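Here is the structure we will look at, set down as structure tokens.
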Protein chains: 2
Amino acid sequence: MSPASIELLGFTAAALTSLCWLPQAWRTIRTRDTKAISLWTQSLLALGTVLWFTYGLQIASWPVVVANALTLCLVLLILSMKLRFG
Amino acid sequence: MSPASIELLGFTAAALTSLCWLPQAWRTIRTRDTKAISLWTQSLLALGTVLWFTYGLQIASWPVVVANALTLCLVLLILSMKLRFG
């Protein structure tokens, strides 16, 4: 694959795995139902996302950096609702 | 950071954002409760994970490859339970 195609692939992957949290955040805001969501999963995901962000900076992979910054915002929003609604 | 430290950071991030799906999978298997989980989120996450895996192969980043292979297995398991239990 050409470098441009690889970059495009990375950005598409980044867009999907970041924006995928929008429907979950919206559903949780709307229903206030977090019962089936694992607190451990959301907490470890938030922590892991911080580490991926740092890793992306180190290897200068912008899809990794941008994806994880956006993911972190959405995951922290869902995590805060899990902590609030139980 | 040294190349070894960057690799370690990547593998720690990979371990966290992959293994974080274990508590969610276990909770869902145990309770069969998937009501609060977004079908869109799980579906887009599965698709995005496939793209990240391919991207990881292209840039030869083993943390990205290994993390996303493991994540895909767990996310597909949760997705299949969401489709089954509603």
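Ligands are numbered from 1 in the order shown, residues from 1 within each chain, and chains are lettered A, B, ... in the order they appear in the structure tokens.
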Please superimpose chain A upon chain B, fitting all C-alpha atoms matched one to one in order, and report the result as a JSON list (two decimals) with N, CA, C and O atoms, in the first residue's frame.
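Written output follows (part18.json):
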```json
[["chain", "number", "residue", "atom", "x", "y", "z"],
["A", 1, "MET", "N", 12.02, 9.28, 24.71],
["A", 1, "MET", "CA", 11.92, 7.90, 25.20],
["A", 1, "MET", "C", 12.73, 6.96, 24.32],
["A", 1, "MET", "O", 12.80, 7.16, 23.10],
["A", 2, "SER", "N", 13.31, 5.93, 24.91],
["A", 2, "SER", "CA", 14.07, 4.94, 24.14],
["A", 2, "SER", "C", 13.10, 4.07, 23.35],
["A", 2, "SER", "O", 11.93, 3.94, 23.73],
["A", 3, "PRO", "N", 13.58, 3.47, 22.24],
["A", 3, "PRO", "CA", 12.69, 2.59, 21.46],
["A", 3, "PRO", "C", 12.08, 1.47, 22.31],
["A", 3, "PRO", "O", 10.90, 1.12, 22.14],
["A", 4, "ALA", "N", 12.85, 0.94, 23.26],
["A", 4, "ALA", "CA", 12.34, -0.13, 24.12],
["A", 4, "ALA", "C", 11.21, 0.37, 25.02],
["A", 4, "ALA", "O", 10.21, -0.33, 25.24],
["A", 5, "SER", "N", 11.38, 1.60, 25.55],
["A", 5, "SER", "CA", 10.33, 2.19, 26.41],
["A", 5, "SER", "C", 9.05, 2.44, 25.61],
["A", 5, "SER", "O", 7.95, 2.24, 26.12],
["A", 6, "ILE", "N", 9.24, 2.91, 24.37],
["A", 6, "ILE", "CA", 8.08, 3.19, 23.51],
["A", 6, "ILE", "C", 7.32, 1.89, 23.22],
["A", 6, "ILE", "O", 6.10, 1.84, 23.29],
["A", 7, "GLU", "N", 8.09, 0.83, 22.94],
["A", 7, "GLU", "CA", 7.48, -0.48, 22.66],
["A", 7, "GLU", "C", 6.72, -0.99, 23.90],
["A", 7, "GLU", "O", 5.61, -1.49, 23.79],
["A", 8, "LEU", "N", 7.33, -0.79, 25.07],
["A", 8, "LEU", "CA", 6.71, -1.21, 26.33],
["A", 8, "LEU", "C", 5.41, -0.42, 26.58],
["A", 8, "LEU", "O", 4.39, -1.00, 26.99],
["A", 9, "LEU", "N", 5.47, 0.89, 26.31],
["A", 9, "LEU", "CA", 4.29, 1.75, 26.45],
["A", 9, "LEU", "C", 3.17, 1.27, 25.54],
["A", 9, "LEU", "O", 2.02, 1.14, 25.96],
["A", 10, "GLY", "N", 3.55, 0.96, 24.30],
["A", 10, "GLY", "CA", 2.56, 0.47, 23.33],
["A", 10, "GLY", "C", 1.94, -0.84, 23.77],
["A", 10, "GLY", "O", 0.72, -1.03, 23.69],
["A", 11, "PHE", "N", 2.78, -1.75, 24.27],
["A", 11, "PHE", "CA", 2.25, -3.05, 24.70],
["A", 11, "PHE", "C", 1.38, -2.92, 25.95],
["A", 11, "PHE", "O", 0.39, -3.64, 26.09],
["A", 12, "THR", "N", 1.72, -1.99, 26.85],
["A", 12, "THR", "CA", 0.88, -1.77, 28.04],
["A", 12, "THR", "C", -0.47, -1.20, 27.61],
["A", 12, "THR", "O", -1.53, -1.64, 28.09],
["A", 13, "ALA", "N", -0.43, -0.22, 26.69],
["A", 13, "ALA", "CA", -1.67, 0.36, 26.15],
["A", 13, "ALA", "C", -2.50, -0.74, 25.48],
["A", 13, "ALA", "O", -3.71, -0.84, 25.70],
["A", 14, "ALA", "N", -1.83, -1.57, 24.69],
["A", 14, "ALA", "CA", -2.48, -2.66, 23.96],
["A", 14, "ALA", "C", -3.14, -3.63, 24.94],
["A", 14, "ALA", "O", -4.30, -4.03, 24.75],
["A", 15, "ALA", "N", -2.39, -4.00, 25.98],
["A", 15, "ALA", "CA", -2.91, -4.94, 26.97],
["A", 15, "ALA", "C", -4.16, -4.37, 27.63],
["A", 15, "ALA", "O", -5.17, -5.05, 27.78],
["A", 16, "LEU", "N", -4.10, -3.08, 28.02],
["A", 16, "LEU", "CA", -5.23, -2.45, 28.70],
["A", 16, "LEU", "C", -6.48, -2.36, 27.83],
["A", 16, "LEU", "O", -7.56, -2.75, 28.25],
["A", 17, "THR", "N", -6.32, -1.84, 26.59],
["A", 17, "THR", "CA", -7.51, -1.62, 25.76],
["A", 17, "THR", "C", -8.02, -2.91, 25.11],
["A", 17, "THR", "O", -9.09, -2.90, 24.50],
["A", 18, "SER", "N", -7.26, -3.99, 25.25],
["A", 18, "SER", "CA", -7.78, -5.29, 24.79],
["A", 18, "SER", "C", -8.38, -6.05, 25.95],
["A", 18, "SER", "O", -9.54, -6.48, 25.89],
["A", 19, "LEU", "N", -7.60, -6.18, 27.04],
["A", 19, "LEU", "CA", -8.07, -6.96, 28.19],
["A", 19, "LEU", "C", -9.24, -6.28, 28.89],
["A", 19, "LEU", "O", -10.00, -6.94, 29.62],
["A", 20, "CYS", "N", -9.39, -4.97, 28.70],
["A", 20, "CYS", "CA", -10.51, -4.24, 29.32],
["A", 20, "CYS", "C", -11.85, -4.83, 28.90],
["A", 20, "CYS", "O", -12.85, -4.67, 29.60],
["A", 21, "TRP", "N", -11.89, -5.52, 27.75],
["A", 21, "TRP", "CA", -13.16, -6.11, 27.27],
["A", 21, "TRP", "C", -13.52, -7.39, 27.98],
["A", 21, "TRP", "O", -14.66, -7.86, 27.88],
["A", 22, "LEU", "N", -12.55, -7.97, 28.72],
["A", 22, "LEU", "CA", -12.84, -9.20, 29.47],
["A", 22, "LEU", "C", -13.93, -8.99, 30.52],
["A", 22, "LEU", "O", -14.88, -9.78, 30.57],
["A", 23, "PRO", "N", -13.85, -7.95, 31.40],
["A", 23, "PRO", "CA", -14.92, -7.77, 32.39],
["A", 23, "PRO", "C", -16.30, -7.55, 31.75],
["A", 23, "PRO", "O", -17.30, -8.05, 32.27],
["A", 24, "GLN", "N", -16.34, -6.82, 30.61],
["A", 24, "GLN", "CA", -17.63, -6.59, 29.94],
["A", 24, "GLN", "C", -18.17, -7.91, 29.39],
["A", 24, "GLN", "O", -19.36, -8.21, 29.54],
["A", 25, "ALA", "N", -17.30, -8.70, 28.77],
["A", 25, "ALA", "CA", -17.72, -9.99, 28.22],
["A", 25, "ALA", "C", -18.21, -10.90, 29.35],
["A", 25, "ALA", "O", -19.28, -11.52, 29.24],
["A", 26, "TRP", "N", -17.46, -10.94, 30.45],
["A", 26, "TRP", "CA", -17.82, -11.80, 31.58],
["A", 26, "TRP", "C", -19.14, -11.36, 32.20],
["A", 26, "TRP", "O", -20.01, -12.18, 32.49],
["A", 27, "ARG", "N", -19.31, -10.03, 32.38],
["A", 27, "ARG", "CA", -20.55, -9.50, 32.94],
["A", 27, "ARG", "C", -21.75, -9.86, 32.07],
["A", 27, "ARG", "O", -22.82, -10.23, 32.57],
["A", 28, "THR", "N", -21.55, -9.75, 30.74],
["A", 28, "THR", "CA", -22.65, -10.02, 29.81],
["A", 28, "THR", "C", -22.98, -11.50, 29.76],
["A", 28, "THR", "O", -24.15, -11.89, 29.71],
["A", 29, "ILE", "N", -21.96, -12.37, 29.81],
["A", 29, "ILE", "CA", -22.18, -13.82, 29.84],
["A", 29, "ILE", "C", -22.97, -14.19, 31.10],
["A", 29, "ILE", "O", -23.92, -14.97, 31.07],
["A", 30, "ARG", "N", -22.56, -13.58, 32.23],
["A", 30, "ARG", "CA", -23.13, -13.89, 33.53],
["A", 30, "ARG", "C", -24.58, -13.41, 33.66],
["A", 30, "ARG", "O", -25.45, -14.13, 34.13],
["A", 31, "THR", "N", -24.83, -12.15, 33.26],
["A", 31, "THR", "CA", -26.14, -11.54, 33.49],
["A", 31, "THR", "C", -27.09, -11.67, 32.29],
["A", 31, "THR", "O", -28.29, -11.50, 32.45],
["A", 32, "ARG", "N", -26.53, -11.90, 31.10],
["A", 32, "ARG", "CA", -27.30, -11.90, 29.83],
["A", 32, "ARG", "C", -28.04, -10.58, 29.64],
["A", 32, "ARG", "O", -29.05, -10.52, 28.94],
["A", 33, "ASP", "N", -27.55, -9.54, 30.32],
["A", 33, "ASP", "CA", -28.15, -8.20, 30.22],
["A", 33, "ASP", "C", -27.32, -7.35, 29.26],
["A", 33, "ASP", "O", -26.16, -7.04, 29.54],
["A", 34, "THR", "N", -27.91, -7.01, 28.10],
["A", 34, "THR", "CA", -27.21, -6.18, 27.11],
["A", 34, "THR", "C", -28.01, -4.91, 26.81],
["A", 34, "THR", "O", -27.69, -4.20, 25.86],
["A", 35, "LYS", "N", -29.05, -4.66, 27.62],
["A", 35, "LYS", "CA", -30.00, -3.58, 27.32],
["A", 35, "LYS", "C", -29.31, -2.22, 27.17],
["A", 35, "LYS", "O", -29.63, -1.47, 26.25],
["A", 36, "ALA", "N", -28.39, -1.89, 28.07],
["A", 36, "ALA", "CA", -27.76, -0.56, 28.06],
["A", 36, "ALA", "C", -26.64, -0.43, 27.02],
["A", 36, "ALA", "O", -26.12, 0.66, 26.80],
["A", 37, "ILE", "N", -26.29, -1.55, 26.38],
["A", 37, "ILE", "CA", -25.17, -1.53, 25.42],
["A", 37, "ILE", "C", -25.68, -1.15, 24.04],
["A", 37, "ILE", "O", -26.69, -1.69, 23.57],
["A", 38, "SER", "N", -24.99, -0.22, 23.39],
["A", 38, "SER", "CA", -25.39, 0.26, 22.06],
["A", 38, "SER", "C", -24.94, -0.72, 20.98],
["A", 38, "SER", "O", -23.75, -1.04, 20.86],
["A", 39, "LEU", "N", -25.89, -1.18, 20.16],
["A", 39, "LEU", "CA", -25.58, -2.08, 19.04],
["A", 39, "LEU", "C", -24.70, -1.37, 18.01],
["A", 39, "LEU", "O", -23.76, -1.97, 17.47],
["A", 40, "TRP", "N", -24.99, -0.08, 17.76],
["A", 40, "TRP", "CA", -24.19, 0.70, 16.82],
["A", 40, "TRP", "C", -22.73, 0.79, 17.29],
["A", 40, "TRP", "O", -21.80, 0.63, 16.51],
["A", 41, "THR", "N", -22.54, 1.06, 18.58],
["A", 41, "THR", "CA", -21.18, 1.18, 19.13],
["A", 41, "THR", "C", -20.41, -0.12, 18.95],
["A", 41, "THR", "O", -19.28, -0.12, 18.45],
["A", 42, "GLN", "N", -21.03, -1.25, 19.32],
["A", 42, "GLN", "CA", -20.32, -2.53, 19.21],
["A", 42, "GLN", "C", -20.03, -2.89, 17.76],
["A", 42, "GLN", "O", -18.97, -3.43, 17.45],
["A", 43, "SER", "N", -20.98, -2.58, 16.84],
["A", 43, "SER", "CA", -20.78, -2.91, 15.42],
["A", 43, "SER", "C", -19.67, -2.07, 14.80],
["A", 43, "SER", "O", -18.78, -2.60, 14.11],
["A", 44, "LEU", "N", -19.71, -0.75, 15.06],
["A", 44, "LEU", "CA", -18.69, 0.14, 14.49],
["A", 44, "LEU", "C", -17.32, -0.15, 15.11],
["A", 44, "LEU", "O", -16.29, -0.05, 14.44],
["A", 45, "LEU", "N", -17.32, -0.52, 16.39],
["A", 45, "LEU", "CA", -16.07, -0.87, 17.08],
["A", 45, "LEU", "C", -15.44, -2.11, 16.45],
["A", 45, "LEU", "O", -14.23, -2.15, 16.21],
["A", 46, "ALA", "N", -16.27, -3.11, 16.14],
["A", 46, "ALA", "CA", -15.77, -4.34, 15.49],
["A", 46, "ALA", "C", -15.17, -4.01, 14.12],
["A", 46, "ALA", "O", -14.05, -4.45, 13.81],
["A", 47, "LEU", "N", -15.89, -3.21, 13.35],
["A", 47, "LEU", "CA", -15.41, -2.83, 12.01],
["A", 47, "LEU", "C", -14.11, -2.02, 12.12],
["A", 47, "LEU", "O", -13.14, -2.28, 11.40],
["A", 48, "GLY", "N", -14.10, -1.05, 13.02],
["A", 48, "GLY", "CA", -12.91, -0.20, 13.22],
["A", 48, "GLY", "C", -11.71, -1.01, 13.67],
["A", 48, "GLY", "O", -10.57, -0.74, 13.25],
["A", 49, "THR", "N", -11.96, -2.02, 14.50],
["A", 49, "THR", "CA", -10.88, -2.86, 15.01],
["A", 49, "THR", "C", -10.22, -3.66, 13.88],
["A", 49, "THR", "O", -9.00, -3.82, 13.85],
["A", 50, "VAL", "N", -11.04, -4.10, 12.92],
["A", 50, "VAL", "CA", -10.50, -4.80, 11.73],
["A", 50, "VAL", "C", -9.57, -3.85, 10.95],
["A", 50, "VAL", "O", -8.48, -4.24, 10.52],
["A", 51, "LEU", "N", -10.01, -2.59, 10.80],
["A", 51, "LEU", "CA", -9.19, -1.62, 10.06],
["A", 51, "LEU", "C", -7.90, -1.28, 10.81],
["A", 51, "LEU", "O", -6.84, -1.17, 10.21],
["A", 52, "TRP", "N", -7.97, -1.13, 12.16],
["A", 52, "TRP", "CA", -6.76, -0.88, 12.96],
["A", 52, "TRP", "C", -5.77, -2.04, 12.82],
["A", 52, "TRP", "O", -4.56, -1.83, 12.74],
["A", 53, "PHE", "N", -6.28, -3.26, 12.82],
["A", 53, "PHE", "CA", -5.45, -4.45, 12.66],
["A", 53, "PHE", "C", -4.67, -4.37, 11.34],
["A", 53, "PHE", "O", -3.45, -4.57, 11.32],
["A", 54, "THR", "N", -5.38, -4.03, 10.27],
["A", 54, "THR", "CA", -4.75, -3.91, 8.95],
["A", 54, "THR", "C", -3.73, -2.77, 8.94],
["A", 54, "THR", "O", -2.63, -2.91, 8.39],
["A", 55, "TYR", "N", -4.10, -1.65, 9.56],
["A", 55, "TYR", "CA", -3.19, -0.50, 9.66],
["A", 55, "TYR", "C", -1.93, -0.88, 10.43],
["A", 55, "TYR", "O", -0.81, -0.56, 10.01],
["A", 56, "GLY", "N", -2.09, -1.61, 11.52],
["A", 56, "GLY", "CA", -0.95, -2.06, 12.33],
["A", 56, "GLY", "C", 0.01, -2.92, 11.52],
["A", 56, "GLY", "O", 1.23, -2.78, 11.63],
["A", 57, "LEU", "N", -0.55, -3.80, 10.69],
["A", 57, "LEU", "CA", 0.30, -4.64, 9.82],
["A", 57, "LEU", "C", 1.09, -3.77, 8.85],
["A", 57, "LEU", "O", 2.28, -3.99, 8.62],
["A", 58, "GLN", "N", 0.41, -2.76, 8.29],
["A", 58, "GLN", "CA", 1.05, -1.90, 7.28],
["A", 58, "GLN", "C", 2.18, -1.06, 7.87],
["A", 58, "GLN", "O", 3.20, -0.85, 7.20],
["A", 59, "ILE", "N", 2.00, -0.56, 9.11],
["A", 59, "ILE", "CA", 3.06, 0.26, 9.70],
["A", 59, "ILE", "C", 3.97, -0.61, 10.59],
["A", 59, "ILE", "O", 4.86, -0.10, 11.26],
["A", 60, "ALA", "N", 3.73, -1.94, 10.58],
["A", 60, "ALA", "CA", 4.54, -2.90, 11.35],
["A", 60, "ALA", "C", 4.61, -2.51, 12.83],
["A", 60, "ALA", "O", 5.67, -2.56, 13.44],
["A", 61, "SER", "N", 3.44, -2.13, 13.38],
["A", 61, "SER", "CA", 3.37, -1.82, 14.81],
["A", 61, "SER", "C", 2.71, -2.99, 15.52],
["A", 61, "SER", "O", 1.49, -3.16, 15.47],
["A", 62, "TRP", "N", 3.53, -3.83, 16.17],
["A", 62, "TRP", "CA", 3.00, -5.05, 16.77],
["A", 62, "TRP", "C", 2.02, -4.80, 17.90],
["A", 62, "TRP", "O", 1.05, -5.55, 18.05],
["A", 63, "PRO", "N", 2.21, -3.74, 18.71],
["A", 63, "PRO", "CA", 1.17, -3.47, 19.71],
["A", 63, "PRO", "C", -0.20, -3.25, 19.07],
["A", 63, "PRO", "O", -1.21, -3.75, 19.57],
["A", 64, "VAL", "N", -0.24, -2.53, 17.96],
["A", 64, "VAL", "CA", -1.51, -2.26, 17.27],
["A", 64, "VAL", "C", -2.11, -3.56, 16.73],
["A", 64, "VAL", "O", -3.31, -3.82, 16.88],
["A", 65, "VAL", "N", -1.25, -4.42, 16.14],
["A", 65, "VAL", "CA", -1.72, -5.68, 15.55],
["A", 65, "VAL", "C", -2.27, -6.62, 16.63],
["A", 65, "VAL", "O", -3.41, -7.08, 16.54],
["A", 66, "VAL", "N", -1.46, -6.87, 17.65],
["A", 66, "VAL", "CA", -1.83, -7.84, 18.69],
["A", 66, "VAL", "C", -3.07, -7.34, 19.46],
["A", 66, "VAL", "O", -4.01, -8.10, 19.71],
["A", 67, "ALA", "N", -3.06, -6.04, 19.82],
["A", 67, "ALA", "CA", -4.16, -5.46, 20.59],
["A", 67, "ALA", "C", -5.47, -5.63, 19.85],
["A", 67, "ALA", "O", -6.49, -6.01, 20.43],
["A", 68, "ASN", "N", -5.45, -5.35, 18.55],
["A", 68, "ASN", "CA", -6.70, -5.35, 17.80],
["A", 68, "ASN", "C", -7.20, -6.74, 17.46],
["A", 68, "ASN", "O", -8.41, -6.95, 17.35],
["A", 69, "ALA", "N", -6.29, -7.70, 17.35],
["A", 69, "ALA", "CA", -6.71, -9.10, 17.14],
["A", 69, "ALA", "C", -7.47, -9.59, 18.37],
["A", 69, "ALA", "O", -8.56, -10.15, 18.26],
["A", 70, "LEU", "N", -6.91, -9.32, 19.56],
["A", 70, "LEU", "CA", -7.54, -9.74, 20.81],
["A", 70, "LEU", "C", -8.86, -8.98, 21.05],
["A", 70, "LEU", "O", -9.88, -9.57, 21.42],
["A", 71, "THR", "N", -8.81, -7.65, 20.82],
["A", 71, "THR", "CA", -10.01, -6.82, 20.99],
["A", 71, "THR", "C", -11.15, -7.33, 20.11],
["A", 71, "THR", "O", -12.29, -7.43, 20.56],
["A", 72, "LEU", "N", -10.81, -7.66, 18.85],
["A", 72, "LEU", "CA", -11.83, -8.11, 17.91],
["A", 72, "LEU", "C", -12.56, -9.35, 18.42],
["A", 72, "LEU", "O", -13.79, -9.43, 18.35],
["A", 73, "CYS", "N", -11.80, -10.31, 18.97],
["A", 73, "CYS", "CA", -12.42, -11.54, 19.50],
["A", 73, "CYS", "C", -13.44, -11.19, 20.59],
["A", 73, "CYS", "O", -14.58, -11.68, 20.57],
["A", 74, "LEU", "N", -13.02, -10.34, 21.54],
["A", 74, "LEU", "CA", -13.89, -10.01, 22.67],
["A", 74, "LEU", "C", -15.09, -9.16, 22.24],
["A", 74, "LEU", "O", -16.22, -9.39, 22.70],
["A", 75, "VAL", "N", -14.85, -8.21, 21.34],
["A", 75, "VAL", "CA", -15.93, -7.32, 20.87],
["A", 75, "VAL", "C", -16.96, -8.12, 20.07],
["A", 75, "VAL", "O", -18.17, -7.91, 20.21],
["A", 76, "LEU", "N", -16.49, -9.09, 19.27],
["A", 76, "LEU", "CA", -17.42, -9.93, 18.51],
["A", 76, "LEU", "C", -18.25, -10.82, 19.44],
["A", 76, "LEU", "O", -19.43, -11.07, 19.18],
["A", 77, "LEU", "N", -17.64, -11.26, 20.53],
["A", 77, "LEU", "CA", -18.37, -12.06, 21.53],
["A", 77, "LEU", "C", -19.49, -11.22, 22.17],
["A", 77, "LEU", "O", -20.64, -11.67, 22.26],
["A", 78, "ILE", "N", -19.16, -9.98, 22.56],
["A", 78, "ILE", "CA", -20.16, -9.08, 23.17],
["A", 78, "ILE", "C", -21.25, -8.73, 22.14],
["A", 78, "ILE", "O", -22.44, -8.72, 22.45],
["A", 79, "LEU", "N", -20.81, -8.46, 20.90],
["A", 79, "LEU", "CA", -21.76, -8.13, 19.82],
["A", 79, "LEU", "C", -22.73, -9.29, 19.58],
["A", 79, "LEU", "O", -23.94, -9.07, 19.42],
["A", 80, "SER", "N", -22.23, -10.52, 19.57],
["A", 80, "SER", "CA", -23.10, -11.68, 19.34],
["A", 80, "SER", "C", -24.11, -11.82, 20.48],
["A", 80, "SER", "O", -25.27, -12.18, 20.25],
["A", 81, "MET", "N", -23.69, -11.49, 21.71],
["A", 81, "MET", "CA", -24.63, -11.56, 22.85],
["A", 81, "MET", "C", -25.66, -10.44, 22.75],
["A", 81, "MET", "O", -26.84, -10.63, 23.08],
["A", 82, "LYS", "N", -25.23, -9.25, 22.30],
["A", 82, "LYS", "CA", -26.17, -8.13, 22.09],
["A", 82, "LYS", "C", -27.23, -8.53, 21.05],
["A", 82, "LYS", "O", -28.43, -8.28, 21.24],
["A", 83, "LEU", "N", -26.79, -9.17, 19.97],
["A", 83, "LEU", "CA", -27.72, -9.59, 18.92],
["A", 83, "LEU", "C", -28.67, -10.68, 19.43],
["A", 83, "LEU", "O", -29.83, -10.73, 19.04],
["A", 84, "ARG", "N", -28.19, -11.52, 20.34],
["A", 84, "ARG", "CA", -29.00, -12.63, 20.84],
["A", 84, "ARG", "C", -29.97, -12.18, 21.94],
["A", 84, "ARG", "O", -31.14, -12.56, 21.93],
["A", 85, "PHE", "N", -29.45, -11.37, 22.89],
["A", 85, "PHE", "CA", -30.26, -11.01, 24.07],
["A", 85, "PHE", "C", -31.01, -9.69, 23.90],
["A", 85, "PHE", "O", -31.89, -9.37, 24.69],
["A", 86, "GLY", "N", -30.63, -8.90, 22.88],
["A", 86, "GLY", "CA", -31.38, -7.67, 22.55],
["A", 86, "GLY", "C", -31.00, -6.47, 23.38],
["A", 86, "GLY", "O", -30.28, -6.55, 24.33]]
```
Apply DSSP to the backbone of this structure and, from region 13-79 of chain B, keep only the residues in helix (DSSP H, G or I); write these as number ranges by chain. B: 13-19, 21-31, 39-58, 62-79
